[in-house]
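Everything below belongs to final.pdb, which stores PDB, C-alpha atoms, pLDDT in the B column.
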ATOM      1  CA  MET Q   1     164.565  74.308 125.954  1.00 49.00           C
ATOM      2  CA  GLN Q   2     162.658  74.864 122.794  1.00 51.00           C
ATOM      3  CA  GLY Q   3     163.449  77.848 120.640  1.00 53.00           C
ATOM      4  CA  ASP Q   4     161.191  80.859 120.487  1.00 55.00           C
ATOM      5  CA  GLN Q   5     158.196  80.449 118.154  1.00 55.00           C
ATOM      6  CA  ASP Q   6     155.986  83.103 116.686  1.00 55.00           C
ATOM      7  CA  PRO Q   7     152.515  83.095 118.273  1.00 57.00           C
ATOM      8  CA  GLN Q   8     149.657  81.987 116.086  1.00 63.00           C
ATOM      9  CA  VAL Q   9     147.979  85.083 114.687  1.00 62.00           C
ATOM     10  CA  PRO Q  10     144.349  84.550 113.608  1.00 66.00           C
ATOM     11  CA  PRO Q  11     143.574  85.600 110.069  1.00 68.00           C
ATOM     12  CA  PRO Q  12     141.802  88.964 109.725  1.00 68.00           C
ATOM     13  CA  PRO Q  13     138.020  88.845 109.375  1.00 67.00           C
ATOM     14  CA  PRO Q  14     136.663  89.153 105.842  1.00 66.00           C
ATOM     15  CA  ALA Q  15     135.823  92.652 104.727  1.00 64.00           C
ATOM     16  CA  PRO Q  16     132.093  93.466 104.773  1.00 61.00           C
ATOM     17  CA  PRO Q  17     130.426  93.682 101.373  1.00 56.00           C
ATOM     18  CA  PRO Q  18     130.080  97.187  99.965  1.00 53.00           C
ATOM     19  CA  PRO Q  19     126.711  98.822 100.708  1.00 51.00           C
ATOM     20  CA  LEU Q  20     124.101  98.850  97.995  1.00 46.00           C
ATOM     21  CA  PRO Q  21     123.351 102.228  96.452  1.00 44.00           C
ATOM     22  CA  PRO Q  22     120.575 104.155  98.175  1.00 43.00           C
ATOM     23  CA  THR Q  23     117.171 104.649  96.641  1.00 40.00           C
ATOM     24  CA  ARG Q  24     114.874 107.635  96.759  1.00 37.00           C
ATOM     25  CA  ALA Q  25     111.819 107.610  98.985  1.00 37.00           C
ATOM     26  CA  SER Q  26     109.843 110.796  99.321  1.00 36.00           C
ATOM     27  CA  GLY Q  27     112.876 112.873  98.488  1.00 36.00           C
ATOM     28  CA  LYS Q  28     114.882 111.323 101.368  1.00 38.00           C
ATOM     29  CA  MET Q  29     117.736 108.899 100.785  1.00 33.00           C
ATOM     30  CA  VAL Q  30     117.063 105.557 102.449  1.00 37.00           C
ATOM     31  CA  PRO Q  31     118.901 102.202 102.276  1.00 38.00           C
ATOM     32  CA  HIS Q  32     118.201 100.028  99.252  1.00 38.00           C
ATOM     33  CA  ASP Q  33     115.604  97.397 100.116  1.00 41.00           C
ATOM     34  CA  THR Q  34     116.287  93.889  98.837  1.00 40.00           C
ATOM     35  CA  THR Q  35     113.013  92.380 100.102  1.00 42.00           C
ATOM     36  CA  ASN Q  36     110.776  94.806  98.200  1.00 48.00           C
ATOM     37  CA  THR Q  37     109.065  95.767 101.468  1.00 54.00           C
ATOM     38  CA  ALA Q  38     110.939  98.994 102.178  1.00 68.00           C
ATOM     39  CA  SER Q  39     109.332 101.164 104.815  1.00 81.00           C
ATOM     40  CA  TYR Q  40     108.062 104.515 103.649  1.00 88.00           C
ATOM     41  CA  THR Q  41     109.120 107.376 105.884  1.00 88.00           C
ATOM     42  CA  ILE Q  42     108.861 111.130 105.987  1.00 88.00           C
ATOM     43  CA  GLU Q  43     111.225 113.206 108.091  1.00 87.00           C
ATOM     44  CA  GLU Q  44     109.987 113.356 111.682  1.00 89.00           C
ATOM     45  CA  ASP Q  45     110.130 117.133 111.858  1.00 86.00           C
ATOM     46  CA  LEU Q  46     107.902 117.425 108.796  1.00 88.00           C
ATOM     47  CA  VAL Q  47     105.379 114.926 110.167  1.00 90.00           C
ATOM     48  CA  PHE Q  48     105.302 116.741 113.524  1.00 90.00           C
ATOM     49  CA  ALA Q  49     104.791 120.116 111.854  1.00 88.00           C
ATOM     50  CA  PHE Q  50     102.080 118.778 109.555  1.00 90.00           C
ATOM     51  CA  LYS Q  51     100.122 117.159 112.403  1.00 91.00           C
ATOM     52  CA  ASN Q  52     100.229 120.351 114.434  1.00 90.00           C
ATOM     53  CA  GLU Q  53      99.152 122.503 111.522  1.00 89.00           C
ATOM     54  CA  LEU Q  54      96.384 120.086 110.486  1.00 89.00           C
ATOM     55  CA  SER Q  55      94.966 119.916 114.011  1.00 88.00           C
ATOM     56  CA  SER Q  56      94.889 123.693 114.378  1.00 85.00           C
ATOM     57  CA  ALA Q  57      93.741 124.566 110.843  1.00 80.00           C
ATOM     58  CA  GLN Q  58      90.203 125.690 110.185  1.00 73.00           C
ATOM     59  CA  ALA Q  59      88.163 123.522 107.831  1.00 67.00           C
ATOM     60  CA  SER Q  60      88.470 126.121 105.068  1.00 68.00           C
ATOM     61  CA  SER Q  61      92.258 126.212 105.259  1.00 72.00           C
ATOM     62  CA  LYS Q  62      92.909 122.473 105.533  1.00 78.00           C
ATOM     63  CA  SER Q  63      92.695 122.205 101.762  1.00 80.00           C
ATOM     64  CA  ASN Q  64      95.884 124.267 101.561  1.00 85.00           C
ATOM     65  CA  LEU Q  65      97.739 121.416 103.284  1.00 91.00           C
ATOM     66  CA  LEU Q  66      96.464 118.663 100.968  1.00 93.00           C
ATOM     67  CA  LEU Q  67      97.196 118.157  97.281  1.00 93.00           C
ATOM     68  CA  PHE Q  68      95.366 115.631  95.094  1.00 95.00           C
ATOM     69  CA  ASP Q  69      96.829 114.809  91.686  1.00 94.00           C
ATOM     70  CA  TRP Q  70      96.539 112.110  89.067  1.00 91.00           C
ATOM     71  CA  LEU Q  71      99.753 110.141  89.063  1.00 88.00           C
ATOM     72  CA  ASP Q  72     100.352 110.772  85.374  1.00 84.00           C
ATOM     73  CA  CYS Q  73     100.560 114.496  86.203  1.00 87.00           C
ATOM     74  CA  LEU Q  74     103.415 114.011  88.686  1.00 89.00           C
ATOM     75  CA  GLY Q  75     107.153 113.562  88.251  1.00 89.00           C
ATOM     76  CA  ASP Q  76     109.479 110.611  88.620  1.00 89.00           C
ATOM     77  CA  GLN Q  77     110.272 111.376  92.259  1.00 89.00           C
ATOM     78  CA  GLU Q  78     106.609 111.185  93.266  1.00 91.00           C
ATOM     79  CA  LEU Q  79     106.195 107.980  91.257  1.00 90.00           C
ATOM     80  CA  ASP Q  80     109.166 106.497  93.090  1.00 91.00           C
ATOM     81  CA  SER Q  81     107.687 107.531  96.449  1.00 93.00           C
ATOM     82  CA  ILE Q  82     104.324 105.922  95.674  1.00 93.00           C
ATOM     83  CA  CYS Q  83     106.068 102.753  94.524  1.00 92.00           C
ATOM     84  CA  THR Q  84     107.838 102.549  97.890  1.00 93.00           C
ATOM     85  CA  LEU Q  85     104.644 103.363  99.785  1.00 95.00           C
ATOM     86  CA  LEU Q  86     102.689 100.589  98.072  1.00 94.00           C
ATOM     87  CA  ASN Q  87     105.499  98.064  98.478  1.00 92.00           C
ATOM     88  CA  SER Q  88     105.594  98.777 102.210  1.00 92.00           C
ATOM     89  CA  GLN Q  89     102.101  97.234 102.407  1.00 91.00           C
ATOM     90  CA  TRP Q  90     101.992  94.810  99.470  1.00 89.00           C
ATOM     91  CA  ALA Q  91     105.395  93.416  98.559  1.00 88.00           C
ATOM     92  CA  ARG Q  92     106.199  93.234  94.862  1.00 86.00           C
ATOM     93  CA  SER Q  93     109.319  93.586  92.846  1.00 85.00           C
ATOM     94  CA  ARG Q  94     110.095  97.186  92.072  1.00 83.00           C
ATOM     95  CA  SER Q  95     109.918  96.645  88.325  1.00 85.00           C
ATOM     96  CA  ALA Q  96     106.497  94.976  88.613  1.00 85.00           C
ATOM     97  CA  ARG Q  97     105.230  97.809  90.782  1.00 86.00           C
ATOM     98  CA  LEU Q  98     106.441 100.439  88.356  1.00 83.00           C
ATOM     99  CA  GLN Q  99     104.749  98.612  85.495  1.00 79.00           C
ATOM    100  CA  SER Q 100     101.472  98.513  87.405  1.00 78.00           C
ATOM    101  CA  LEU Q 101     101.765 102.257  87.926  1.00 80.00           C
ATOM    102  CA  GLU Q 102     102.182 102.865  84.204  1.00 68.00           C
ATOM    103  CA  ARG Q 103     101.341 106.493  83.727  1.00 50.00           C
ATOM    104  CA  LYS Q 104     100.178 106.232  80.152  1.00 51.00           C
ATOM    105  CA  VAL Q 105      96.414 106.652  80.006  1.00 49.00           C
ATOM    106  CA  VAL Q 106      94.448 104.909  77.262  1.00 49.00           C
ATOM    107  CA  ALA Q 107      91.402 106.849  76.130  1.00 48.00           C
ATOM    108  CA  ASP Q 108      88.245 104.796  76.556  1.00 54.00           C
ATOM    109  CA  GLY Q 109      85.610 107.262  75.461  1.00 56.00           C
ATOM    110  CA  ARG Q 110      84.743 108.296  79.006  1.00 59.00           C
ATOM    111  CA  ALA Q 111      85.241 111.604  80.776  1.00 58.00           C
ATOM    112  CA  LEU Q 112      87.334 109.777  83.382  1.00 66.00           C
ATOM    113  CA  GLN Q 113      90.078 107.967  81.497  1.00 71.00           C
ATOM    114  CA  LEU Q 114      91.009 104.763  83.277  1.00 73.00           C
ATOM    115  CA  PRO Q 115      92.949 103.108  84.772  1.00 74.00           C
ATOM    116  CA  ARG Q 116      94.392 105.952  86.803  1.00 84.00           C
ATOM    117  CA  SER Q 117      96.014 106.411  90.204  1.00 91.00           C
ATOM    118  CA  LEU Q 118      95.177 109.314  92.490  1.00 94.00           C
ATOM    119  CA  ALA Q 119      97.979 110.536  94.740  1.00 96.00           C
ATOM    120  CA  LEU Q 120      97.487 112.399  98.020  1.00 97.00           C
ATOM    121  CA  ARG Q 121     100.356 114.698  98.925  1.00 96.00           C
ATOM    122  CA  ILE Q 122     100.750 116.885 102.008  1.00 94.00           C
ATOM    123  CA  ARG Q 123     102.367 120.257 102.430  1.00 90.00           C
ATOM    124  CA  CYS Q 124     104.673 120.267 105.475  1.00 89.00           C
ATOM    125  CA  ARG Q 125     106.021 123.505 106.907  1.00 82.00           C
ATOM    126  CA  ARG Q 126     109.725 123.445 107.734  1.00 75.00           C
ATOM    127  CA  ASN Q 127     110.559 125.769 110.615  1.00 69.00           C
ATOM    128  CA  ASN Q 128     114.328 125.640 110.172  1.00 66.00           C
ATOM    129  CA  HIS Q 129     115.085 126.435 106.567  1.00 56.00           C
ATOM    130  CA  GLY Q 130     118.054 128.186 105.076  1.00 57.00           C
ATOM    131  CA  VAL Q 131     118.155 131.407 103.145  1.00 60.00           C
ATOM    132  CA  GLY Q 132     116.630 130.885  99.737  1.00 58.00           C
ATOM    133  CA  GLU Q 133     115.108 127.526 100.716  1.00 60.00           C
ATOM    134  CA  SER Q 134     111.386 126.862 100.554  1.00 68.00           C
ATOM    135  CA  PRO Q 135     109.658 127.122 103.967  1.00 70.00           C
ATOM    136  CA  SER Q 136     107.589 124.034 103.130  1.00 80.00           C
ATOM    137  CA  GLU Q 137     108.077 120.591 101.676  1.00 88.00           C
ATOM    138  CA  ILE Q 138     105.606 118.395  99.784  1.00 92.00           C
ATOM    139  CA  ARG Q 139     105.511 114.680 100.514  1.00 93.00           C
ATOM    140  CA  VAL Q 140     103.421 111.761  99.191  1.00 95.00           C
ATOM    141  CA  ALA Q 141     100.959 110.587 101.856  1.00 96.00           C
ATOM    142  CA  GLY Q 142      98.464 108.292 100.127  1.00 97.00           C
ATOM    143  CA  HIS Q 143      97.288 106.547  96.968  1.00 97.00           C
ATOM    144  CA  ALA Q 144      94.175 105.002  95.392  1.00 96.00           C
ATOM    145  CA  ARG Q 145      93.828 103.322  91.991  1.00 92.00           C
ATOM    146  CA  LEU Q 146      90.685 103.455  89.869  1.00 90.00           C
ATOM    147  CA  LEU Q 147      89.864 100.603  87.475  1.00 85.00           C
ATOM    148  CA  PRO Q 148      87.073 100.625  84.878  1.00 81.00           C
ATOM    149  CA  CYS Q 149      84.273  98.070  84.760  1.00 81.00           C
ATOM    150  CA  ALA Q 150      82.428  96.803  81.707  1.00 74.00           C
ATOM    151  CA  SER Q 151      79.585  99.043  82.814  1.00 76.00           C
ATOM    152  CA  THR Q 152      80.695 102.590  82.084  1.00 77.00           C
ATOM    153  CA  SER Q 153      78.919 103.815  85.213  1.00 87.00           C
ATOM    154  CA  ASP Q 154      80.914 101.570  87.592  1.00 89.00           C
ATOM    155  CA  ILE Q 155      84.524 101.560  88.753  1.00 90.00           C
ATOM    156  CA  VAL Q 156      86.598  99.424  91.125  1.00 90.00           C
ATOM    157  CA  ILE Q 157      88.919 101.052  93.661  1.00 93.00           C
ATOM    158  CA  GLU Q 158      92.051  99.195  94.742  1.00 90.00           C
ATOM    159  CA  SER Q 159      95.423  99.809  96.412  1.00 92.00           C
ATOM    160  CA  VAL Q 160      94.050 102.397  98.841  1.00 96.00           C
ATOM    161  CA  ILE Q 161      96.757 103.331 101.324  1.00 96.00           C
ATOM    162  CA  VAL Q 162      97.873 106.117 103.660  1.00 97.00           C
ATOM    163  CA  ALA Q 163     101.451 106.263 104.953  1.00 95.00           C
ATOM    164  CA  GLN Q 164     101.733 104.405 108.267  1.00 93.00           C
ATOM    165  CA  HIS Q 165     102.904 107.367 110.358  1.00 92.00           C
ATOM    166  CA  LEU Q 166     100.095 109.587 109.029  1.00 94.00           C
ATOM    167  CA  ARG Q 167      97.162 107.304 109.851  1.00 93.00           C
ATOM    168  CA  GLY Q 168      94.519 108.345 112.332  1.00 93.00           C
ATOM    169  CA  LEU Q 169      94.361 111.905 110.981  1.00 94.00           C
ATOM    170  CA  GLY Q 170      91.387 111.422 108.681  1.00 94.00           C
ATOM    171  CA  LEU Q 171      93.498 111.393 105.507  1.00 95.00           C
ATOM    172  CA  GLY Q 172      91.986 108.109 104.339  1.00 96.00           C
ATOM    173  CA  LYS Q 173      88.495 109.593 104.445  1.00 96.00           C
ATOM    174  CA  LEU Q 174      89.662 112.693 102.585  1.00 95.00           C
ATOM    175  CA  LEU Q 175      91.350 110.540  99.934  1.00 97.00           C
ATOM    176  CA  MET Q 176      88.219 108.436  99.378  1.00 97.00           C
ATOM    177  CA  HIS Q 177      86.052 111.554  99.299  1.00 96.00           C
ATOM    178  CA  GLU Q 178      88.220 113.001  96.538  1.00 95.00           C
ATOM    179  CA  VAL Q 179      88.062 109.715  94.587  1.00 95.00           C
ATOM    180  CA  GLU Q 180      84.275 109.751  94.826  1.00 95.00           C
ATOM    181  CA  ARG Q 181      84.075 113.436  93.878  1.00 94.00           C
ATOM    182  CA  ARG Q 182      86.167 112.977  90.750  1.00 92.00           C
ATOM    183  CA  ALA Q 183      84.422 109.748  89.794  1.00 92.00           C
ATOM    184  CA  GLY Q 184      80.973 111.284  90.261  1.00 91.00           C
ATOM    185  CA  GLY Q 185      81.983 114.278  88.187  1.00 89.00           C
ATOM    186  CA  ALA Q 186      82.933 111.901  85.362  1.00 86.00           C
ATOM    187  CA  GLY Q 187      79.560 110.150  85.361  1.00 88.00           C
ATOM    188  CA  VAL Q 188      80.382 107.198  87.628  1.00 91.00           C
ATOM    189  CA  SER Q 189      77.394 106.165  89.755  1.00 92.00           C
ATOM    190  CA  ARG Q 190      78.702 103.151  91.676  1.00 93.00           C
ATOM    191  CA  ILE Q 191      82.063 102.304  93.237  1.00 95.00           C
ATOM    192  CA  TRP Q 192      83.166  98.789  94.179  1.00 93.00           C
ATOM    193  CA  LEU Q 193      86.054  97.646  96.363  1.00 92.00           C
ATOM    194  CA  SER Q 194      87.177  94.587  98.288  1.00 90.00           C
ATOM    195  CA  THR Q 195      88.822  94.495 101.692  1.00 91.00           C
ATOM    196  CA  SER Q 196      89.844  91.860 104.211  1.00 87.00           C
ATOM    197  CA  ASP Q 197      90.548  94.077 107.216  1.00 89.00           C
ATOM    198  CA  LYS Q 198      89.072  97.571 106.692  1.00 93.00           C
ATOM    199  CA  GLU Q 199      85.327  96.889 106.587  1.00 94.00           C
ATOM    200  CA  GLU Q 200      84.642  99.126 109.570  1.00 95.00           C
ATOM    201  CA  PHE Q 201      86.464 102.044 107.961  1.00 96.00           C
ATOM    202  CA  TYR Q 202      84.576 101.729 104.675  1.00 97.00           C
ATOM    203  CA  ARG Q 203      81.213 101.274 106.385  1.00 97.00           C
ATOM    204  CA  GLY Q 204      81.944 104.497 108.259  1.00 97.00           C
ATOM    205  CA  ILE Q 205      82.136 106.397 104.970  1.00 97.00           C
ATOM    206  CA  GLY Q 206      79.010 104.920 103.423  1.00 97.00           C
ATOM    207  CA  TYR Q 207      80.033 101.610 101.851  1.00 97.00           C
ATOM    208  CA  SER Q 208      77.929  98.508 102.437  1.00 96.00           C
ATOM    209  CA  ASN Q 209      78.702  94.809 102.194  1.00 94.00           C
ATOM    210  CA  THR Q 210      77.376  93.032  99.142  1.00 90.00           C
ATOM    211  CA  THR Q 211      77.180  89.497  97.841  1.00 84.00           C
ATOM    212  CA  GLN Q 212      77.171  90.800  94.292  1.00 83.00           C
ATOM    213  CA  LEU Q 213      80.277  91.197  92.216  1.00 78.00           C
ATOM    214  CA  PRO Q 214      81.067  94.011  89.802  1.00 79.00           C
ATOM    215  CA  GLU Q 215      81.184  93.350  86.110  1.00 73.00           C
ATOM    216  CA  GLN Q 216      84.560  92.449  84.698  1.00 64.00           C
ATOM    217  CA  VAL Q 217      87.148  95.149  84.342  1.00 58.00           C
ATOM    218  CA  SER Q 218      87.154  96.521  80.835  1.00 52.00           C
ATOM    219  CA  CYS Q 219      89.149  99.209  79.081  1.00 47.00           C
ATOM    220  CA  VAL Q 220      87.563  99.993  75.738  1.00 45.00           C
ATOM    221  CA  GLY Q 221      90.137 100.767  73.105  1.00 45.00           C
ATOM    222  CA  ALA Q 222      93.071  99.504  75.171  1.00 47.00           C
ATOM    223  CA  ALA Q 223      95.859  97.544  73.572  1.00 47.00           C
ATOM    224  CA  ALA Q 224      95.428  93.775  73.794  1.00 47.00           C
ATOM    225  CA  GLU Q 225      98.361  93.397  76.172  1.00 54.00           C
ATOM    226  CA  GLN Q 226      97.038  96.024  78.577  1.00 54.00           C
ATOM    227  CA  GLN Q 227      93.543  94.559  78.391  1.00 54.00           C
ATOM    228  CA  ALA Q 228      94.918  91.104  79.245  1.00 55.00           C
ATOM    229  CA  LYS Q 229      96.797  92.457  82.263  1.00 60.00           C
ATOM    230  CA  LEU Q 230      93.710  94.255  83.549  1.00 56.00           C
ATOM    231  CA  MET Q 231      91.558  91.170  83.143  1.00 57.00           C
ATOM    232  CA  ALA Q 232      94.086  88.866  84.808  1.00 59.00           C
ATOM    233  CA  ALA Q 233      94.409  91.165  87.816  1.00 61.00           C
ATOM    234  CA  PHE Q 234      90.657  91.510  88.164  1.00 59.00           C
ATOM    235  CA  VAL Q 235      90.014  87.773  87.935  1.00 58.00           C
ATOM    236  CA  ARG Q 236      92.570  87.194  90.691  1.00 60.00           C
ATOM    237  CA  GLN Q 237      90.838  89.777  92.849  1.00 58.00           C
ATOM    238  CA  ARG Q 238      87.363  88.323  92.279  1.00 55.00           C
ATOM    239  CA  GLU Q 239      88.437  84.748  92.926  1.00 57.00           C
ATOM    240  CA  ASN Q 240      90.723  85.417  95.888  1.00 54.00           C
ATOM    241  CA  THR Q 241      88.789  83.548  98.579  1.00 47.00           C
ATOM    242  CA  SER Q 242      91.871  82.617 100.616  1.00 47.00           C
ATOM    243  CA  SER Q 243      92.149  86.147 101.972  1.00 55.00           C
ATOM    244  CA  GLN Q 244      88.410  86.213 102.835  1.00 73.00           C
ATOM    245  CA  ALA Q 245      88.122  89.548 101.084  1.00 80.00           C
ATOM    246  CA  GLN Q 246      84.711  91.167 101.390  1.00 87.00           C
ATOM    247  CA  TRP Q 247      83.212  93.091  98.502  1.00 89.00           C
ATOM    248  CA  MET Q 248      81.628  96.445  99.331  1.00 93.00           C
ATOM    249  CA  THR Q 249      79.883  99.044  97.217  1.00 95.00           C
ATOM    250  CA  LYS Q 250      78.557 102.602  97.323  1.00 96.00           C
ATOM    251  CA  LEU Q 251      76.414 104.785  95.096  1.00 95.00           C
ATOM    252  CA  VAL Q 252      77.931 108.155  94.334  1.00 92.00           C
ATOM    253  CA  THR Q 253      76.289 111.325  93.091  1.00 83.00           C
ATOM    254  CA  SER Q 254      77.373 113.423  90.169  1.00 73.00           C
ATOM    255  CA  SER Q 255      79.500 116.425  90.991  1.00 66.00           C
ATOM    256  CA  GLN Q 256      81.484 119.040  89.137  1.00 56.00           C
ATOM    257  CA  PRO Q 257      85.072 117.794  88.624  1.00 54.00           C
ATOM    258  CA  ASN Q 258      87.866 120.113  89.649  1.00 54.00           C
ATOM    259  CA  ASP Q 259      91.007 118.901  87.870  1.00 55.00           C
TER     260      ASP Q 259
END
Please express what this file holds, its structure, as structure tokens.
Amino acid sequence: MQGDQDPQVPPPPPAPPPPLPPTRASGKMVPHDTTNTASYTIEEDLVFAFKNELSSAQASSKSNLLLFDWLDCLGDQELDSICTLLNSQWARSRSARLQSLERKVVADGRALQLPRSLALRIRCRRNNHGVGESPSEIRVAGHARLLPCASTSDIVIESVIVAQHLRGLGLGKLLMHEVERRAGGAGVSRIWLSTSDKEEFYRGIGYSNTTQLPEQVSCVGAAAEQQAKLMAAFVRQRENTSSQAQWMTKLVTSSQPND
């Protein structure tokens, strides 16, 4: 009879790696994204409240729910939110995205200093708020970037986006309308853009397909490095035939800016 032997005890499983620190997204802590395609979310209760209030608001009072601001007028938290929003659609490294959203504006002798990004934010009413807390919250909902052309009367619009869970509410049309209003007020007469999957949307707001191409992007007075970056990005956009992007254009009328 063999002596007693201790049973074989399997080694313990390796400890899981520590979680990465969270990042900000629209004021809400979300897991750090290592693929640079983090989803952009707003708290469900705020989205629900905003949709209800938007659907029931009169046309004259809807403007109280929407805020349009140049990105260089906003704080770091809003910049971080827009970075996450853009990366949810077009993946880039976070550092590259932040560089492309550089908030320093180089004067180019025009009323509308370019390049600039226009942010759409929404005011969401919070029903359950504590004593001393604000009854509403403001969240980033959309973005559009304006690039100058060599012709001072033309601009190119790129990186137009509305947060996924806020689409279908007409916010994209309102964002483009505000872009056109501000551009027209600064003396811009024609807007160009390219799209591979939103032709129907842009045709619905007055844009038409064109076989022409806008003049090269130019930023008079810009530093050589910034000028080179603008030109490189624009050349890539013009020559990007693999995505079958379609150029579209629209004439805009002058209007009084309201900044």
Checklist line | Nearest-residue call for Q:Ser63, choices Q:Arg167, Q:Arg145, Q:Arg139, Q:Arg121, using all atoms listed in the file | finding: Q:Arg121
Check: By how many Å are atom CA of Q:Gly75 and atom CA of Q:Ile157 apart?
Finding: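 We find that atom CA of Q:Gly75 and atom CA of Q:Ile157 lie 22.8 Å from each other.
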Check: Do you know which residues are at most 12 Å from stretch 169-177 of chain Q counting only C-alpha atoms, after dropping those on the same chain fewer than 5 positions away, and could you put them as an MDAnalysis selection string?
Finding: chainID Q and resid 47 50:55 62:63 65:69 117:122 140:146 157:164 182:184 191 193 198 201:207 250 252:253 255
Checklist line | atom CA of Q:Ser100 to atom CA of Q:Tyr40, distance in Å rounded to a single decimal | finding: 18.5 Å
Notebook entry, point to check: Quick one, how far is atom CA of Q:Thr41 from atom CA of Q:His165?
Noted result: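 Those two atoms sit 7.7 Å apart.
Shortest separation to Q:Ser254 among Q:Cys83, Q:Val188, Q:Ile138, Q:Leu213 occurs at residue Q:Val188, atoms counted being all atoms listed in the file.
The residue that comes closest to Q:Asp72, out of Q:Arg190, Q:Arg116, Q:Arg125, Q:Arg97 and on the basis of all atoms listed in the file, is Q:Arg116.
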Next item on the list: Find the spatial neighbours of Q:Trp247, counting only C-alpha atoms, within a cut-off of 10 Å - ignore same-chain residues fewer than 4 positions away - and output them as a list of chain:residue names.
Entry: Q:Trp192, Q:Leu193, Q:Ser194, Q:Thr195, Q:Ser196, Q:Glu199, Q:Tyr207, Q:Ser208, Q:Asn209, Q:Thr210, Q:Thr211, Q:Gln212, Q:Leu213, Q:Pro214, Q:Arg238
